[in-house]
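So this one's my_file-v7.cif, mmCIF, C-alpha atoms:
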data_target
#
loop_
_atom_site.label_atom_id
_atom_site.label_comp_id
_atom_site.auth_asym_id
_atom_site.auth_seq_id
_atom_site.Cartn_x
_atom_site.Cartn_y
_atom_site.Cartn_z
CA MET G 686 -4.05 19.94 -11.15
CA SER G 687 -6.79 17.33 -10.80
CA GLU G 688 -9.79 18.23 -8.66
CA ARG G 689 -9.51 14.71 -7.25
CA ALA G 690 -6.06 15.48 -5.81
CA ARG G 691 -7.49 17.10 -2.70
CA LEU G 692 -4.53 16.05 -0.56
CA THR G 693 -2.35 18.42 -2.59
CA ARG G 694 -4.29 21.38 -1.18
CA GLY G 695 -5.04 22.65 2.30
CA SER G 696 -3.44 21.93 5.67
CA ILE G 697 -1.08 18.97 5.80
CA ALA G 698 -1.70 18.58 9.54
CA ARG G 699 -5.46 18.40 8.95
CA HIS G 700 -5.00 15.79 6.23
CA LEU G 701 -2.79 13.71 8.55
CA VAL G 702 -5.43 13.76 11.28
CA GLU G 703 -8.34 13.08 8.92
CA GLN G 704 -6.57 10.20 7.19
CA THR G 705 -4.94 8.65 10.27
CA ALA G 706 -7.80 8.69 12.79
CA PRO G 707 -10.03 6.29 10.80
CA LEU G 708 -7.08 3.97 10.15
CA ILE G 709 -6.31 3.77 13.88
CA VAL G 710 -9.84 2.48 14.45
CA GLY G 711 -9.52 0.14 11.46
CA VAL G 712 -6.19 -1.32 12.63
CA THR G 713 -7.64 -1.85 16.10
CA ALA G 714 -10.57 -3.72 14.56
CA MET G 715 -8.21 -5.92 12.56
CA VAL G 716 -6.06 -6.71 15.59
CA SER G 717 -9.17 -7.62 17.56
CA ILE G 718 -10.20 -10.36 15.10
CA GLY G 719 -7.33 -12.63 16.14
CA LEU G 720 -8.01 -11.99 19.83
CA VAL G 721 -11.73 -12.80 19.49
CA ASP G 722 -10.98 -15.96 17.46
CA ALA G 723 -8.50 -17.16 20.11
CA TYR G 724 -10.94 -16.41 22.93
CA PHE G 725 -13.82 -18.49 21.57
CA VAL G 726 -11.61 -21.28 20.17
CA GLY G 727 -10.03 -21.51 23.63
CA TRP G 728 -13.38 -22.77 24.96
CA LEU G 729 -13.07 -25.84 22.74
CA GLY G 730 -9.95 -27.22 24.39
CA ALA G 731 -6.17 -27.08 24.60
CA THR G 732 -5.61 -28.84 21.25
CA GLU G 733 -7.78 -26.36 19.34
CA LEU G 734 -6.10 -23.41 21.04
CA ALA G 735 -2.67 -24.83 20.24
CA ALA G 736 -3.78 -25.22 16.62
CA MET G 737 -4.64 -21.50 16.52
CA SER G 738 -1.16 -20.76 17.85
CA PHE G 739 0.31 -22.59 14.84
CA ILE G 740 -2.12 -20.96 12.44
CA PHE G 741 -1.65 -17.36 13.62
CA PRO G 742 1.87 -16.67 12.28
CA VAL G 743 1.03 -18.32 8.95
CA ILE G 744 -2.08 -16.24 8.33
CA THR G 745 -0.20 -13.14 9.54
CA ALA G 746 2.43 -13.77 6.89
CA LEU G 747 -0.29 -14.38 4.28
CA SER G 748 -1.94 -11.09 5.27
CA SER G 749 1.27 -9.33 4.24
CA LEU G 750 0.29 -10.15 0.65
CA GLY G 751 -2.82 -8.04 1.21
CA VAL G 752 -0.69 -5.21 2.58
CA GLY G 753 1.45 -5.44 -0.55
CA VAL G 754 -1.55 -5.31 -2.90
CA MET G 755 -2.95 -2.34 -0.97
CA ALA G 756 0.37 -0.46 -0.89
CA GLY G 757 1.10 -1.10 -4.58
CA THR G 758 -2.37 -0.03 -5.69
CA SER G 759 -2.41 3.04 -3.45
CA SER G 760 1.06 4.12 -4.60
CA VAL G 761 0.42 4.11 -8.36
CA VAL G 762 -3.15 5.44 -8.10
CA SER G 763 -2.27 8.30 -5.70
CA ARG G 764 0.62 9.46 -7.91
CA ALA G 765 -1.62 9.33 -10.99
CA ILE G 766 -4.26 11.38 -9.16
CA GLY G 767 -1.64 13.93 -8.10
CA ALA G 768 -0.35 14.20 -11.66
CA GLY G 769 -3.89 14.79 -12.95
CA ASN G 770 -3.83 11.63 -15.08
CA GLU G 771 -7.36 10.37 -14.41
CA GLU G 772 -7.29 7.72 -17.12
CA ARG G 773 -4.15 6.15 -15.65
CA ALA G 774 -5.62 6.35 -12.14
CA SER G 775 -8.76 4.49 -13.29
CA ARG G 776 -6.72 1.88 -15.17
CA CYS G 777 -4.36 1.22 -12.24
CA ALA G 778 -7.30 1.04 -9.81
CA ALA G 779 -8.98 -1.72 -11.85
CA LEU G 780 -5.64 -3.45 -12.29
CA GLY G 781 -4.85 -3.42 -8.57
CA ILE G 782 -8.21 -4.96 -7.65
CA LEU G 783 -8.02 -7.68 -10.31
CA LEU G 784 -4.38 -8.38 -9.44
CA GLY G 785 -5.43 -8.92 -5.83
CA LEU G 786 -8.16 -11.33 -6.90
CA ALA G 787 -5.82 -13.30 -9.20
CA THR G 788 -3.09 -13.52 -6.54
CA GLY G 789 -5.64 -14.65 -3.98
CA ILE G 790 -6.87 -17.46 -6.26
CA ALA G 791 -3.31 -18.69 -6.85
CA VAL G 792 -2.46 -18.66 -3.13
CA ALA G 793 -5.77 -20.33 -2.29
CA ALA G 794 -4.96 -23.23 -4.59
CA LEU G 795 -1.53 -23.69 -3.01
CA LEU G 796 -2.96 -23.54 0.52
CA ALA G 797 -5.69 -26.05 -0.26
CA LEU G 798 -3.18 -28.51 -1.71
CA PHE G 799 -0.22 -28.07 0.64
CA HIS G 800 -1.46 -26.90 4.06
CA ASP G 801 -0.77 -30.31 5.62
CA PRO G 802 2.88 -30.50 4.44
CA LEU G 803 3.39 -26.87 5.49
CA PHE G 804 2.27 -27.41 9.07
CA THR G 805 3.99 -30.78 9.27
CA LEU G 806 7.18 -28.89 8.48
CA LEU G 807 6.31 -26.61 11.41
CA GLN G 808 6.22 -29.69 13.68
CA ALA G 809 2.43 -30.13 13.91
CA ASP G 810 1.13 -33.71 13.86
CA GLY G 811 -1.70 -36.02 14.89
CA ALA G 812 -4.83 -34.44 16.32
CA LEU G 813 -3.21 -31.01 16.15
CA LEU G 814 -2.65 -31.31 12.40
CA ARG G 815 -6.26 -32.44 11.89
CA GLN G 816 -7.57 -29.38 13.73
CA ILE G 817 -5.34 -27.11 11.67
CA GLY G 818 -6.69 -28.69 8.48
CA LEU G 819 -10.29 -28.09 9.58
CA TYR G 820 -9.50 -24.37 9.73
CA MET G 821 -7.09 -23.93 6.82
CA LEU G 822 -9.13 -25.60 4.06
CA PRO G 823 -12.14 -23.22 4.23
CA TYR G 824 -9.78 -20.32 4.96
CA ALA G 825 -7.92 -21.08 1.74
CA PHE G 826 -11.07 -20.98 -0.39
CA GLY G 827 -12.07 -17.63 1.10
CA PHE G 828 -8.62 -16.06 0.83
CA PRO G 829 -9.17 -14.40 -2.61
CA LEU G 830 -11.80 -12.20 -0.96
CA LEU G 831 -9.18 -10.75 1.41
CA LEU G 832 -6.82 -9.72 -1.39
CA THR G 833 -9.71 -8.28 -3.41
CA ILE G 834 -10.66 -6.15 -0.39
CA SER G 835 -7.01 -5.09 -0.11
CA GLY G 836 -7.07 -3.84 -3.70
CA MET G 837 -10.29 -1.90 -3.03
CA ASN G 838 -8.84 -0.36 0.12
CA GLY G 839 -5.75 0.65 -1.83
CA VAL G 840 -7.92 2.58 -4.29
CA LEU G 841 -9.95 4.20 -1.50
CA ARG G 842 -6.84 5.24 0.43
CA ALA G 843 -5.22 6.66 -2.72
CA GLN G 844 -8.19 9.02 -3.03
CA GLY G 845 -7.86 10.08 0.59
CA ALA G 846 -11.12 8.26 1.43
CA ALA G 847 -9.85 6.92 4.77
CA LYS G 848 -13.35 6.90 6.28
CA SER G 849 -14.63 4.65 3.49
CA SER G 850 -11.69 2.31 4.04
CA LEU G 851 -12.57 2.27 7.75
CA ILE G 852 -16.16 1.27 6.98
CA VAL G 853 -14.88 -1.71 4.97
CA SER G 854 -12.60 -2.83 7.82
CA ILE G 855 -15.23 -2.37 10.50
CA SER G 856 -17.87 -4.25 8.49
CA PHE G 857 -15.91 -7.48 8.15
CA ALA G 858 -14.44 -7.25 11.66
CA ALA G 859 -17.91 -6.76 13.17
CA ALA G 860 -19.28 -9.71 11.21
CA ASN G 861 -16.44 -11.85 12.54
CA TRP G 862 -17.11 -10.74 16.13
CA ALA G 863 -20.81 -11.50 15.86
CA LEU G 864 -20.48 -14.87 14.12
CA ASP G 865 -17.56 -16.34 16.09
CA PRO G 866 -19.56 -17.52 19.16
CA ILE G 867 -22.39 -18.80 16.94
CA LEU G 868 -20.31 -20.71 14.38
CA ILE G 869 -17.61 -21.95 16.76
CA ASN G 870 -19.60 -22.98 19.82
CA GLY G 871 -23.18 -23.00 18.51
CA ALA G 872 -26.16 -20.83 19.40
CA PHE G 873 -29.79 -20.10 18.39
CA GLY G 874 -30.27 -23.70 17.29
CA ILE G 875 -27.19 -23.59 15.05
CA PRO G 876 -24.69 -26.37 15.82
CA GLY G 877 -21.15 -25.21 16.43
CA PHE G 878 -18.53 -26.14 13.83
CA GLY G 879 -15.60 -26.04 16.23
CA ILE G 880 -12.39 -24.51 14.98
CA ALA G 881 -13.73 -24.55 11.41
CA GLY G 882 -16.40 -22.11 12.61
CA ALA G 883 -13.70 -19.49 13.15
CA ALA G 884 -12.76 -19.81 9.47
CA TYR G 885 -16.42 -19.64 8.38
CA ALA G 886 -16.90 -16.46 10.45
CA THR G 887 -13.83 -14.93 8.82
CA ILE G 888 -15.06 -15.80 5.32
CA ALA G 889 -18.50 -14.36 6.06
CA GLY G 890 -16.81 -11.18 7.25
CA TRP G 891 -14.75 -11.00 4.07
CA MET G 892 -17.89 -11.45 1.95
CA LEU G 893 -19.57 -8.56 3.72
CA GLY G 894 -16.41 -6.43 3.52
CA ALA G 895 -16.07 -7.09 -0.22
CA GLY G 896 -19.69 -6.13 -0.82
CA VAL G 897 -19.41 -2.94 1.23
CA GLY G 898 -16.07 -2.10 -0.41
CA PHE G 899 -17.47 -2.48 -3.92
CA TRP G 900 -20.50 -0.34 -3.08
CA LEU G 901 -18.32 2.44 -1.62
CA LEU G 902 -15.91 2.21 -4.54
CA GLN G 903 -18.67 2.66 -7.10
CA ARG G 904 -19.94 5.72 -5.22
CA GLY G 905 -16.46 7.25 -5.08
CA GLU G 906 -14.34 9.28 -7.47
CA ILE G 907 -12.63 6.28 -9.07
CA PRO G 908 -15.18 3.47 -9.54
CA PHE G 909 -14.14 -0.01 -10.64
CA HIS G 910 -14.32 -0.23 -14.45
CA PRO G 911 -12.58 -3.31 -15.96
CA THR G 912 -12.95 -1.68 -19.40
CA ALA G 913 -10.31 0.84 -18.31
CA LEU G 914 -7.74 -1.93 -18.78
CA LYS G 915 -8.23 -1.74 -22.55
CA ARG G 916 -6.67 1.72 -22.61
CA GLY G 917 -2.96 2.30 -22.19
CA ASN G 918 -0.08 -0.10 -21.62
CA LEU G 919 -1.41 -2.96 -19.49
CA GLY G 920 2.00 -4.59 -19.06
CA GLN G 921 3.51 -1.35 -17.77
CA GLY G 922 0.64 -0.99 -15.33
CA VAL G 923 1.23 -4.49 -13.97
CA ARG G 924 4.93 -3.73 -13.54
CA ASP G 925 4.18 -0.44 -11.79
CA VAL G 926 1.87 -2.08 -9.24
CA LEU G 927 4.12 -5.09 -8.65
CA ARG G 928 7.21 -2.89 -8.26
CA VAL G 929 5.66 -1.65 -5.02
CA ALA G 930 3.39 -4.58 -4.10
CA LEU G 931 6.03 -7.33 -4.02
CA PRO G 932 8.61 -5.49 -1.87
CA ALA G 933 5.83 -4.19 0.42
CA ALA G 934 4.52 -7.73 0.96
CA PHE G 935 7.99 -9.01 1.86
CA THR G 936 8.63 -5.95 4.03
CA ASN G 937 5.57 -6.66 6.15
CA SER G 938 6.41 -10.34 6.53
CA ILE G 939 9.97 -9.75 7.77
CA ASN G 940 9.13 -8.46 11.25
CA PRO G 941 7.01 -11.52 12.23
CA VAL G 942 9.86 -13.75 11.04
CA GLY G 943 12.34 -11.79 13.17
CA LEU G 944 10.12 -12.04 16.24
CA ALA G 945 9.75 -15.80 15.68
CA ILE G 946 13.55 -16.11 15.69
CA MET G 947 13.75 -14.02 18.87
CA THR G 948 11.19 -16.29 20.52
CA GLY G 949 13.27 -19.32 19.57
CA LEU G 950 16.36 -17.77 21.15
CA LEU G 951 14.45 -17.05 24.35
CA ALA G 952 13.31 -20.68 24.60
CA SER G 953 16.76 -21.63 25.87
CA THR G 954 16.41 -19.23 28.81
CA GLY G 955 13.14 -20.73 30.07
CA GLU G 956 9.38 -20.63 29.64
CA ALA G 957 9.02 -17.52 31.79
CA ALA G 958 11.18 -15.48 29.42
CA VAL G 959 9.15 -16.67 26.43
CA GLY G 960 5.89 -15.93 28.24
CA GLY G 961 7.11 -12.48 29.27
CA PHE G 962 8.16 -11.73 25.72
CA GLY G 963 4.70 -12.76 24.51
CA VAL G 964 2.96 -10.57 27.10
CA GLY G 965 5.17 -7.63 26.16
CA GLY G 966 4.51 -8.25 22.49
CA ARG G 967 0.74 -8.15 22.99
CA LEU G 968 1.01 -4.89 24.90
CA GLN G 969 3.26 -3.48 22.21
CA SER G 970 0.84 -4.46 19.43
CA LEU G 971 -1.81 -2.31 21.13
CA ALA G 972 0.52 0.56 21.99
CA VAL G 973 1.75 1.05 18.42
CA VAL G 974 -1.71 1.04 16.76
CA PRO G 975 -1.65 4.84 16.22
CA LEU G 976 1.79 4.52 14.64
CA LEU G 977 0.55 1.75 12.34
CA GLY G 978 -2.41 3.94 11.39
CA LEU G 979 -0.07 6.81 10.55
CA SER G 980 2.16 4.57 8.44
CA GLY G 981 -0.92 3.54 6.46
CA SER G 982 -2.19 7.10 5.91
CA ILE G 983 1.08 8.84 5.03
CA GLY G 984 1.30 7.08 1.66
CA ALA G 985 -1.71 8.79 0.05
CA ILE G 986 -0.64 12.24 1.25
CA VAL G 987 2.98 11.88 0.15
CA GLY G 988 1.96 10.04 -3.05
CA GLN G 989 -0.52 12.63 -4.30
CA ASN G 990 1.85 15.52 -3.61
CA TRP G 991 4.75 13.63 -5.17
CA GLY G 992 2.71 13.00 -8.30
CA ALA G 993 1.74 16.70 -8.39
CA GLU G 994 5.43 17.66 -7.97
CA ARG G 995 4.58 19.37 -4.68
CA TYR G 996 7.72 18.04 -3.03
CA ASP G 997 7.59 20.77 -0.40
CA ARG G 998 4.30 19.33 0.86
CA SER G 999 5.69 15.78 0.79
CA ARG G 1000 8.58 16.93 2.98
CA LEU G 1001 6.25 18.76 5.35
CA ALA G 1002 4.00 15.70 5.68
CA MET G 1003 6.96 13.55 6.68
CA LEU G 1004 8.26 16.15 9.15
CA GLN G 1005 4.89 16.51 10.86
CA ALA G 1006 4.29 12.75 10.89
CA GLY G 1007 7.77 12.24 12.33
CA GLY G 1008 7.03 14.73 15.10
CA PHE G 1009 3.90 12.79 16.01
CA CYS G 1010 5.87 9.51 16.10
CA ILE G 1011 8.40 10.97 18.52
CA ILE G 1012 5.89 12.64 20.86
CA TYR G 1013 3.39 9.76 20.92
CA GLY G 1014 6.10 7.11 21.10
CA LEU G 1015 7.72 8.71 24.14
CA LEU G 1016 4.38 9.26 25.91
CA ALA G 1017 3.31 5.63 25.32
CA ALA G 1018 6.73 4.41 26.47
CA THR G 1019 6.56 6.45 29.67
CA LEU G 1020 3.07 5.15 30.49
CA LEU G 1021 3.98 1.51 29.93
CA TYR G 1022 7.27 1.88 31.80
CA LEU G 1023 5.65 3.45 34.88
CA ALA G 1024 2.73 0.98 34.95
CA ARG G 1025 4.65 -2.07 33.69
CA GLY G 1026 3.86 -4.16 36.75
CA TRP G 1027 0.12 -3.55 36.49
CA PHE G 1028 0.03 -4.22 32.74
CA ALA G 1029 2.08 -7.42 33.03
CA GLY G 1030 -0.13 -8.68 35.86
CA MET G 1031 -3.21 -8.40 33.62
CA PHE G 1032 -1.92 -11.23 31.42
CA SER G 1033 -0.34 -13.63 33.89
CA GLU G 1034 -0.36 -14.59 37.56
CA ASP G 1035 2.98 -16.40 37.38
CA PRO G 1036 5.60 -14.27 39.23
CA ALA G 1037 8.46 -15.31 36.92
CA THR G 1038 6.47 -14.49 33.77
CA VAL G 1039 5.36 -11.13 35.21
CA ALA G 1040 8.97 -10.31 36.12
CA ALA G 1041 10.14 -11.21 32.59
CA ALA G 1042 7.41 -9.07 31.03
CA MET G 1043 8.33 -6.14 33.26
CA ARG G 1044 11.97 -6.45 32.28
CA TYR G 1045 11.04 -6.55 28.60
CA LEU G 1046 8.96 -3.39 29.01
CA GLU G 1047 11.78 -1.64 30.90
CA ILE G 1048 13.97 -1.97 27.82
CA SER G 1049 11.82 -2.26 24.69
CA VAL G 1050 9.35 0.60 25.17
CA TRP G 1051 12.03 3.22 24.53
CA GLY G 1052 12.11 2.08 20.92
CA TYR G 1053 8.44 2.83 20.16
CA ALA G 1054 9.13 6.33 18.80
CA ALA G 1055 11.91 4.96 16.60
CA TYR G 1056 9.70 2.12 15.37
CA GLY G 1057 7.07 4.69 14.40
CA LEU G 1058 9.63 6.66 12.39
CA PHE G 1059 10.78 3.46 10.70
CA ILE G 1060 7.35 2.26 9.53
CA MET G 1061 6.28 5.81 8.61
CA GLY G 1062 9.38 6.03 6.42
CA ASN G 1063 8.52 2.71 4.79
CA GLY G 1064 5.00 3.94 4.01
CA SER G 1065 6.46 7.02 2.35
CA PHE G 1066 9.00 5.03 0.35
CA ASN G 1067 6.21 2.84 -1.04
CA ALA G 1068 4.27 5.96 -2.04
CA ILE G 1069 7.15 7.46 -4.06
CA ASP G 1070 8.03 4.22 -5.86
CA HIS G 1071 11.00 3.31 -3.65
CA ALA G 1072 9.52 0.14 -2.16
CA SER G 1073 12.84 -1.66 -2.67
CA THR G 1074 14.40 0.78 -0.20
CA ALA G 1075 11.76 -0.10 2.42
CA LEU G 1076 12.46 -3.80 1.82
CA SER G 1077 16.23 -3.38 2.10
CA LEU G 1078 15.93 -1.41 5.35
CA SER G 1079 13.55 -3.99 6.83
CA LEU G 1080 15.88 -6.86 5.95
CA ALA G 1081 18.85 -5.01 7.42
CA ARG G 1082 16.94 -4.15 10.60
CA VAL G 1083 16.16 -7.81 11.32
CA LEU G 1084 19.03 -9.79 9.72
CA VAL G 1085 21.93 -7.35 10.14
CA VAL G 1086 21.09 -5.81 13.52
CA MET G 1087 18.44 -7.62 15.55
CA VAL G 1088 19.30 -11.30 15.09
CA PRO G 1089 23.14 -10.99 15.10
CA PHE G 1090 23.14 -8.74 18.19
CA ALA G 1091 20.91 -11.16 20.10
CA LEU G 1092 23.04 -14.16 19.09
CA VAL G 1093 26.31 -12.49 20.08
CA MET G 1094 25.13 -11.00 23.38
CA GLN G 1095 22.83 -13.75 24.65
CA PRO G 1096 25.57 -15.80 26.38
CA ALA G 1097 26.49 -12.78 28.50
CA TRP G 1098 23.15 -10.97 28.85
CA GLY G 1099 20.59 -13.78 28.63
CA ALA G 1100 17.05 -12.61 27.86
CA ASP G 1101 18.17 -8.98 28.06
CA ALA G 1102 20.12 -9.54 24.83
CA VAL G 1103 16.88 -10.25 22.93
CA TYR G 1104 15.05 -7.29 24.45
CA SER G 1105 18.01 -4.98 23.74
CA ALA G 1106 18.36 -6.31 20.20
CA GLU G 1107 14.83 -5.18 19.41
CA LEU G 1108 15.51 -1.74 20.89
CA LEU G 1109 18.77 -1.32 18.98
CA ALA G 1110 17.17 -2.49 15.72
CA ASN G 1111 14.41 0.09 16.06
CA ILE G 1112 16.79 2.95 16.79
CA LEU G 1113 19.24 2.16 13.99
CA GLY G 1114 16.37 1.36 11.61
CA ALA G 1115 14.77 4.75 12.28
CA ALA G 1116 18.08 6.55 11.78
CA ALA G 1117 18.65 4.81 8.43
CA SER G 1118 15.05 5.34 7.31
CA MET G 1119 15.01 9.06 8.09
CA THR G 1120 18.40 9.52 6.41
CA MET G 1121 17.13 7.90 3.22
CA ALA G 1122 13.88 9.87 3.37
CA TRP G 1123 15.77 13.14 3.69
CA TYR G 1124 17.98 12.15 0.75
CA PHE G 1125 15.04 11.35 -1.55
CA LEU G 1126 13.00 14.40 -0.61
CA SER G 1127 15.86 16.90 -0.54
CA HIS G 1128 16.85 15.91 -4.11
CA ARG G 1129 13.48 17.06 -5.40
CA ARG G 1130 13.76 20.79 -4.77
CA LYS G 1131 12.00 21.94 -7.94
CA ASP G 1132 8.46 22.32 -6.63
CA ARG G 1133 5.57 22.97 -8.96
CA VAL G 1134 4.05 26.40 -8.44
CA GLU G 1135 0.27 26.42 -8.60
CA ALA G 1136 -1.26 28.80 -11.12
CA PRO G 1137 -3.14 31.74 -9.59
CA ALA G 1138 -6.88 31.30 -9.37
CA THR G 1139 -8.84 32.96 -12.15
#
Hey, can you dump this file as structure tokens for me?
Amino acid sequence: MSERARLTRGSIARHLVEQTAPLIVGVTAMVSIGLVDAYFVGWLGATELAAMSFIFPVITALSSLGVGVMAGTSSVVSRAIGAGNEERASRCAALGILLGLATGIAVAALLALFHDPLFTLLQADGALLRQIGLYMLPYAFGFPLLLTISGMNGVLRAQGAAKSSLIVSISFAAANWALDPILINGAFGIPGFGIAGAAYATIAGWMLGAGVGFWLLQRGEIPFHPTALKRGNLGQGVRDVLRVALPAAFTNSINPVGLAIMTGLLASTGEAAVGGFGVGGRLQSLAVVPLLGLSGSIGAIVGQNWGAERYDRSRLAMLQAGGFCIIYGLLAATLLYLARGWFAGMFSEDPATVAAAMRYLEISVWGYAAYGLFIMGNGSFNAIDHASTALSLSLARVLVVMVPFALVMQPAWGADAVYSAELLANILGAAASMTMAWYFLSHRRKDRVEAPAT
């Protein structure tokens, strides 16, 4: 067994804590970037803030490509490490990083050429469209850096180097925080660039993150060596990475699409319902950060042990992670339910919006534990080369359960139909995910026995 496969030895619980804790901080940092951008852009005026509202779901969907590159790279590299195939691990690491760069360049070209038609299709026009263009053009040219960082983070996570991955995330988030007020509004004799300054701050953060990521990668166990691509079957390596990366990218873009549809359905019930849904969504995005961190860390642990044929440890990792999802999810739900009035009042002073947010929290919070199980299962499926299963479950959760239930029940239940649809989708999604996980893991009973130490 490879000495690099350290996640195949020692306490599973300790590995889960050590790998998840840094990712929780990293996810929080990533979430904060959008909030800081919106805060400083909001000083510019209503048109600029509205432009950011159009931009946010688009760049969220684009970020799912980075998640796909990271998941695909981490999956193939972690399994190669677990199997003791260091040459394959090095080759797939280089391939994942270069694949991220190439994908980023292709997407950047499309964004630069077609961002105006895209946002026109989304009903933006006039001054609003001009503001969007001021942001999207520089963002497009910097986008390859994001996907390159995603490839690097995939390699770091595959090694179990969660702290190194955290340093990369913190570095470009901190740069964005520091530069936003300077480049957007102007300071220290530097003229503000308006909404374009938010894009410049993001690009500067990506440049720093890429530099830090490369430095940490070269100091790690699997440094970036493009020459590794000359060895082995390059085409097979590309297929292996894409087999996980493409479904993972689509999987992570499905939920934002579903929530956009839910928001559209709520529009017919009034602005207060939409506002309350938005308030509840922001609270939820903070509440589930530990669950998102766990879903990002479980892949390396399951992947290395799967590659080493330590299926008993893969099963144990999922059982312990599932226990955390249930306990944390119920505790977070109870806290938000009991203090729902106070939390809702932090975001709005409008009584109708506060009431809608409270009603949303009364219903939706009881699905947090199930949502954690669902995304943890998806992270595990990606790790064991069953990314298509994660994609299928995500599609079914949104298009078979959430949207149809809301459409059917809305005439009778109003806004409650949308809130209940999300809850039902999480519960049924978790049940399906855990059933599939048990099936995959229980059919690998032949566990490798480690040779006695000599």
Quiz prompt | All residues 7 Å or closer to Val853 in chain G, only C-alpha atoms, same chain fewer than 6 positions away omitted, as a PyMOL selection string | solution = chain G and resi 894+897-898
Quiz prompt | Counting all atoms listed in the file, the option among G:Ala985, G:Ala1091, G:Gly960, G:Tyr1104 closest to Thr1038 in chain G | solution =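 Between G:Ala985, G:Ala1091, G:Gly960, G:Tyr1104, the residue approaching Thr1038 in chain G most closely is G:Gly960.
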Exercise. Rank G:Phe935, G:Phe1028, G:Phe739, G:Trp862 by their smallest atom-to-atom distance to Ser1079 in chain G, using all atoms listed in the file, and report the top residue only.
Key: G:Phe935
Applied to the shown file, which residues does the PyMOL selection byres ((chain G and resi 743) around 12) return, written as a PDB file with C-alpha atoms, in the coordinates of the input?
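Saved to out08.pdb:
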ATOM      1  CA  ALA G 736      -3.780 -25.220  16.620  1.00  0.00           C
ATOM      2  CA  MET G 737      -4.640 -21.500  16.520  1.00  0.00           C
ATOM      3  CA  SER G 738      -1.160 -20.760  17.850  1.00  0.00           C
ATOM      4  CA  PHE G 739       0.310 -22.590  14.840  1.00  0.00           C
ATOM      5  CA  ILE G 740      -2.120 -20.960  12.440  1.00  0.00           C
ATOM      6  CA  PHE G 741      -1.650 -17.360  13.620  1.00  0.00           C
ATOM      7  CA  PRO G 742       1.870 -16.670  12.280  1.00  0.00           C
ATOM      8  CA  ILE G 744      -2.080 -16.240   8.330  1.00  0.00           C
ATOM      9  CA  THR G 745      -0.200 -13.140   9.540  1.00  0.00           C
ATOM     10  CA  ALA G 746       2.430 -13.770   6.890  1.00  0.00           C
ATOM     11  CA  LEU G 747      -0.290 -14.380   4.280  1.00  0.00           C
ATOM     12  CA  SER G 748      -1.940 -11.090   5.270  1.00  0.00           C
ATOM     13  CA  SER G 749       1.270  -9.330   4.240  1.00  0.00           C
ATOM     14  CA  LEU G 750       0.290 -10.150   0.650  1.00  0.00           C
ATOM     15  CA  LEU G 796      -2.960 -23.540   0.520  1.00  0.00           C
ATOM     16  CA  HIS G 800      -1.460 -26.900   4.060  1.00  0.00           C
ATOM     17  CA  LEU G 803       3.390 -26.870   5.490  1.00  0.00           C
ATOM     18  CA  PHE G 804       2.270 -27.410   9.070  1.00  0.00           C
ATOM     19  CA  LEU G 807       6.310 -26.610  11.410  1.00  0.00           C
ATOM     20  CA  ILE G 817      -5.340 -27.110  11.670  1.00  0.00           C
ATOM     21  CA  MET G 821      -7.090 -23.930   6.820  1.00  0.00           C
ATOM     22  CA  TYR G 824      -9.780 -20.320   4.960  1.00  0.00           C
ATOM     23  CA  ALA G 825      -7.920 -21.080   1.740  1.00  0.00           C
ATOM     24  CA  SER G 938       6.410 -10.340   6.530  1.00  0.00           C
ATOM     25  CA  PRO G 941       7.010 -11.520  12.230  1.00  0.00           C
ATOM     26  CA  VAL G 942       9.860 -13.750  11.040  1.00  0.00           C
ATOM     27  CA  ALA G 945       9.750 -15.800  15.680  1.00  0.00           C
TER      28      ALA G 945
END
Practice problem: Give me the residues within 10 Å of Ser1065 in chain G as a list in words, counting all atoms listed in the file and dropping any in the same chain fewer than 4 places off. | Solution: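 So, after excluding close chain neighbours, the residues are Ser760, Ser980, Gly981, Ser982, Ile983, Gly984, Ala985, Ile986, Val987, Gly988, Ser999, Ala1002, Met1003, Ile1060, Met1061, Ile1069, Asp1070, His1071, Ala1072, Ala1075 and Ala1122 of chain G.
You can rank G:Gln969, G:Ser953, G:Thr833, G:Thr732 by their closest distance to Ala1029 in chain G using all atoms listed in the file, and at the top of that list sits G:Gln969.
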Practice problem: Given the file shown, enumerate the residues that the PyMOL selection byres ((chain G and resi 877) around 12) captures and present them as a ChimeraX atom specification. | Solution: /G:725-726,728-729,864-876,878-883,885-886
Self-check item: Closest of G:Leu841, G:Leu1058, G:Ala889, G:Val710 to Tyr1013 in chain G - atom-to-atom distances counting all atoms listed in the file
Solution: G:Leu1058
Self-check item: Distance query Arg928 in chain G at most 12 Å, only C-alpha atoms, self and fewer than 5 positions along chain excluded, as a list in words
Solution: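 With the cut-off at 12 Å, the set is Gly753, Val754, Ala756, Gly757, Thr758, Ser760, Val761, Gln921, Gly922, Val923, Ala933, Ala934, Phe935, Phe1066, Asn1067, Ala1068, Ile1069, Asp1070, His1071, Ala1072, Ser1073, Thr1074, Ala1075 and Leu1076 of chain G.
Straight-line separation from CA of Ala1018 in chain G to CA of Ala1054 in chain G: 8.3 Å.
A straight line drawn from CA of Ser850 in chain G to CA of Leu902 in chain G is 9.6 Å long.
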Quiz item: If we count all atoms listed in the file, what is near Gly1057 in chain G at a cut-off of 12 Å, once residues fewer than 6 positions away on the same chain are taken out, given as a ChimeraX atom specification?
Solution: /G:969,972-981,983,1003,1006-1015,1017,1050-1051,1063-1064,1111-1112,1114-1116,1118-1119
Quiz item: Out of G:Gly839, G:Gly896, G:Gly827, G:Pro1089, which residue has the shortest atom-to-atom distance to Gly751 in chain G when counting all atoms listed in the file?
Solution: G:Gly839
